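The data block below is model-v1.cif; it holds mmCIF, C-alpha atoms.
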data_my_file
#
loop_
_atom_site.label_atom_id
_atom_site.label_comp_id
_atom_site.auth_asym_id
_atom_site.auth_seq_id
_atom_site.Cartn_x
_atom_site.Cartn_y
_atom_site.Cartn_z
CA MET A 1 -1.05 19.76 4.20
CA LYS A 2 -0.98 19.28 0.43
CA GLU A 3 1.23 22.36 0.06
CA THR A 4 3.69 20.89 2.57
CA LEU A 5 3.78 17.61 0.66
CA LYS A 6 4.36 19.44 -2.61
CA LYS A 7 7.06 21.62 -1.04
CA TYR A 8 9.13 18.74 0.39
CA SER A 9 8.53 16.14 -2.35
CA PRO A 10 11.23 15.63 -4.91
CA LYS A 11 10.43 17.16 -8.28
CA ARG A 12 10.39 14.98 -11.37
CA GLU A 13 13.15 17.00 -12.99
CA ASN A 14 15.42 16.39 -9.95
CA VAL A 15 15.10 12.59 -10.09
CA ASN A 16 17.65 10.83 -12.26
CA LEU A 17 17.47 7.05 -12.31
CA GLY A 18 19.19 6.53 -15.63
CA TRP A 19 17.34 4.17 -17.94
CA LEU A 20 14.31 4.19 -15.59
CA ASN A 21 13.67 7.89 -16.27
CA LYS A 22 11.50 7.11 -19.29
CA HIS A 23 9.05 5.32 -16.98
CA LEU A 24 8.87 8.30 -14.63
CA ALA A 25 7.84 10.84 -17.27
CA ASP A 26 4.10 10.62 -16.53
CA PRO A 27 3.24 13.85 -14.67
CA GLU A 28 0.50 12.02 -12.72
CA LEU A 29 3.20 10.15 -10.79
CA TRP A 30 4.25 13.42 -9.13
CA LYS A 31 0.85 15.07 -8.56
CA TRP A 32 -0.90 15.35 -5.19
CA ASN A 33 -4.60 15.26 -6.06
CA LYS A 34 -7.63 13.17 -5.16
CA ARG A 35 -7.17 10.67 -7.97
CA THR A 36 -3.41 10.07 -7.59
CA ILE A 37 -3.55 9.95 -3.79
CA ALA A 38 -6.50 7.52 -3.73
CA LYS A 39 -4.73 5.22 -6.19
CA ALA A 40 -1.51 5.47 -4.16
CA PHE A 41 -3.36 4.41 -1.01
CA ALA A 42 -4.83 1.41 -2.82
CA ILE A 43 -1.48 0.39 -4.27
CA GLY A 44 0.54 0.92 -1.09
CA LEU A 45 -1.91 -0.91 1.14
CA PHE A 46 -2.29 -3.73 -1.37
CA CYS A 47 1.47 -4.30 -1.53
CA ALA A 48 1.95 -3.99 2.23
CA PHE A 49 0.14 -7.22 3.08
CA LEU A 50 1.62 -9.51 0.43
CA PRO A 51 4.14 -12.01 1.82
CA ILE A 52 6.96 -11.02 -0.51
CA PRO A 53 10.22 -9.10 -0.28
CA GLY A 54 10.55 -5.93 -2.31
CA HIS A 55 7.27 -4.28 -1.36
CA THR A 56 8.61 -0.82 -2.11
CA VAL A 57 9.71 -1.71 -5.63
CA LEU A 58 6.38 -3.40 -6.34
CA GLY A 59 4.56 -0.29 -5.07
CA ALA A 60 6.62 1.92 -7.39
CA VAL A 61 6.03 -0.34 -10.41
CA LEU A 62 2.28 -0.44 -9.77
CA ALA A 63 2.23 3.34 -9.30
CA VAL A 64 3.81 3.73 -12.74
CA ILE A 65 1.36 1.26 -14.30
CA PHE A 66 -1.72 2.89 -12.71
CA SER A 67 -0.49 6.54 -12.76
CA ALA A 68 -0.67 6.93 -9.00
CA ASN A 69 1.47 9.18 -6.82
CA ILE A 70 4.71 7.19 -6.78
CA LEU A 71 6.11 8.66 -3.56
CA LEU A 72 2.99 7.97 -1.53
CA SER A 73 2.63 4.47 -3.01
CA MET A 74 6.17 3.64 -1.91
CA LEU A 75 5.68 5.18 1.53
CA LEU A 76 2.40 3.40 2.29
CA VAL A 77 3.98 0.03 1.62
CA TRP A 78 5.85 0.61 4.87
CA VAL A 79 2.68 -0.01 6.89
CA ASN A 80 4.30 -3.43 6.95
CA ASN A 81 7.72 -2.74 8.43
CA PRO A 82 10.09 -4.68 10.69
CA ILE A 83 8.04 -3.66 13.74
CA THR A 84 4.63 -4.64 12.34
CA MET A 85 5.73 -7.53 10.11
CA VAL A 86 5.26 -10.39 12.57
CA PRO A 87 1.72 -9.45 13.69
CA ILE A 88 0.65 -8.72 10.11
CA PHE A 89 1.99 -11.97 8.70
CA TYR A 90 0.64 -13.90 11.68
CA PHE A 91 -2.81 -12.43 10.99
CA THR A 92 -2.62 -13.20 7.27
CA TYR A 93 -1.45 -16.73 8.03
CA LYS A 94 -4.29 -17.30 10.53
CA LEU A 95 -6.83 -15.88 8.07
CA GLY A 96 -5.55 -18.01 5.20
CA ALA A 97 -5.31 -21.12 7.38
CA SER A 98 -8.89 -20.71 8.60
CA ILE A 99 -10.20 -20.19 5.05
CA MET A 100 -8.26 -23.22 3.78
CA GLY A 101 -9.33 -25.33 6.76
CA ILE A 102 -5.80 -25.93 7.99
CA GLU A 103 -5.85 -27.18 11.55
CA MET A 104 -3.17 -25.71 13.73
CA ASP A 105 -1.67 -27.79 16.50
CA PRO A 106 -2.18 -26.45 20.05
CA GLY A 107 1.57 -25.97 20.48
CA PHE A 108 1.78 -23.78 17.36
CA GLU A 109 4.48 -21.14 17.44
CA PHE A 110 4.67 -18.59 14.62
CA SER A 111 8.34 -18.82 13.77
CA PHE A 112 10.63 -19.11 10.80
CA SER A 113 11.35 -22.77 11.60
CA TYR A 114 7.61 -23.58 11.69
CA LEU A 115 7.18 -21.90 8.31
CA MET A 116 10.10 -23.89 6.87
CA ASP A 117 8.83 -27.20 8.33
CA ASN A 118 5.38 -26.54 6.87
CA PHE A 119 6.53 -24.55 3.84
CA GLY A 120 3.84 -25.60 1.37
CA SER A 121 0.74 -25.17 3.49
CA ALA A 122 2.10 -22.23 5.51
CA THR A 123 3.15 -20.31 2.40
CA LEU A 124 -0.15 -20.96 0.69
CA ALA A 125 -2.07 -19.90 3.81
CA MET A 126 -0.02 -16.68 4.05
CA TRP A 127 -0.71 -15.94 0.37
CA VAL A 128 -4.44 -16.60 0.67
CA GLY A 129 -4.69 -14.44 3.80
CA GLY A 130 -2.37 -11.82 2.32
CA ILE A 131 -4.32 -11.44 -0.92
CA ILE A 132 -7.61 -11.17 0.95
CA THR A 133 -6.20 -8.63 3.41
CA SER A 134 -4.45 -6.72 0.61
CA THR A 135 -7.58 -6.49 -1.49
CA ILE A 136 -9.81 -5.37 1.38
CA THR A 137 -7.36 -2.75 2.69
CA ALA A 138 -6.71 -1.45 -0.85
CA ILE A 139 -10.44 -0.97 -1.47
CA LEU A 140 -10.98 0.61 1.95
CA GLY A 141 -7.97 2.90 1.52
CA TYR A 142 -9.09 4.05 -1.92
CA PHE A 143 -12.65 4.82 -0.86
CA ALA A 144 -11.52 6.40 2.41
CA ILE A 145 -9.47 8.97 0.48
CA ILE A 146 -12.33 9.63 -1.97
CA THR A 147 -14.72 10.06 0.99
CA ILE A 148 -12.35 12.45 2.78
CA TYR A 149 -12.02 14.58 -0.34
CA LYS A 150 -15.81 14.65 -0.82
CA TYR A 151 -16.35 15.55 2.83
CA ARG A 152 -13.85 18.39 2.60
CA ALA A 153 -15.47 19.66 -0.62
CA ILE A 154 -18.92 19.66 1.00
CA LYS A 155 -17.52 21.40 4.05
CA ARG A 156 -15.89 24.07 1.85
CA ALA A 157 -19.11 24.54 -0.12
CA LYS A 158 -21.12 25.04 3.08
CA ARG A 159 -18.65 27.67 4.24
CA TRP A 160 -19.18 29.71 1.06
CA LYS A 161 -22.99 29.70 1.28
#

How would this structure read if it were set down as structure tokens?
Amino acid sequence: MKETLKKYSPKRENVNLGWLNKHLADPELWKWNKRTIAKAFAIGLFCAFLPIPGHTVLGAVLAVIFSANILLSMLLVWVNNPITMVPIFYFTYKLGASIMGIEMDPGFEFSFSYLMDNFGSATLAMWVGGIITSTITAILGYFAIITIYKYRAIKRAKRWK
């Protein structure tokens, strides 16, 4: 699997983004190893649940800052995509609203007009729920990758005994 990813991933020397190239010089951004993949999962999942536009750019910037695999960070942000966006943001809103103690009326309808009519409390509730969800999924994603790598290493070691 890792060989396939390496084979089809763009190489650093083939990426030319003009003045941004200086930020892409870190070789860790292009490596597929336990450390860079685990960090990419944390970054991508963290960005995916924040109620902001530009998730992909934020994932790339954080990958540069934390020396994570930039391609995987940008890809994982798309857990939240046009198909999953409404259920994800509804969940983060409900979570934030319940933590903040916001009572929802029985005729509540999760819609753009509702969010605009209740912009302050709805936005704050989405942010509270989004940050909690982002943090939890980032931690789980990071440790899931570390655990998978450890499991595979133990399995390989047992095979060689």

Take the PyMOL selection byres ((chain A and resi 78) around 12), run it mentally on this structure, and tell me the resulting residues as a PyMOL selection string. chain A and resi 41+43-50+53-59+71-77+79-85+88

If the PyMOL selection byres ((chain A and resi 36) around 12) is run on the structure shown, which residues does it catch, given as a VMD selection string? chain A and resid 26 to 35 37 to 44 63 to 64 66 to 73 142 145 to 146

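Atom to atom, CA of Thr133 (chain A) and CA of Ile148 (chain A) stand 22.0 Å apart.
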
CA of Ile102 (chain A) to CA of Ala122 (chain A) measures 9.1 Å

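CA of Met126 (chain A) is found 5.8 Å from CA of Gly96 (chain A).
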
Tell me, as a list in words, which residues lie within 9 Å of Ile132 (chain A), counting all atoms listed in the file; anything in the same chain fewer than 2 positions away does not count. Phe49, Thr92, Leu95, Gly96, Trp127, Val128, Gly129, Gly130, Ser134, Thr135, Ile136 and Thr137 of chain A

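Closest approach to Leu24 (chain A) from the set A:Ala153, A:Ile52, A:Leu62, A:Leu124 is made by A:Leu62, with distances taken over only C-alpha atoms.
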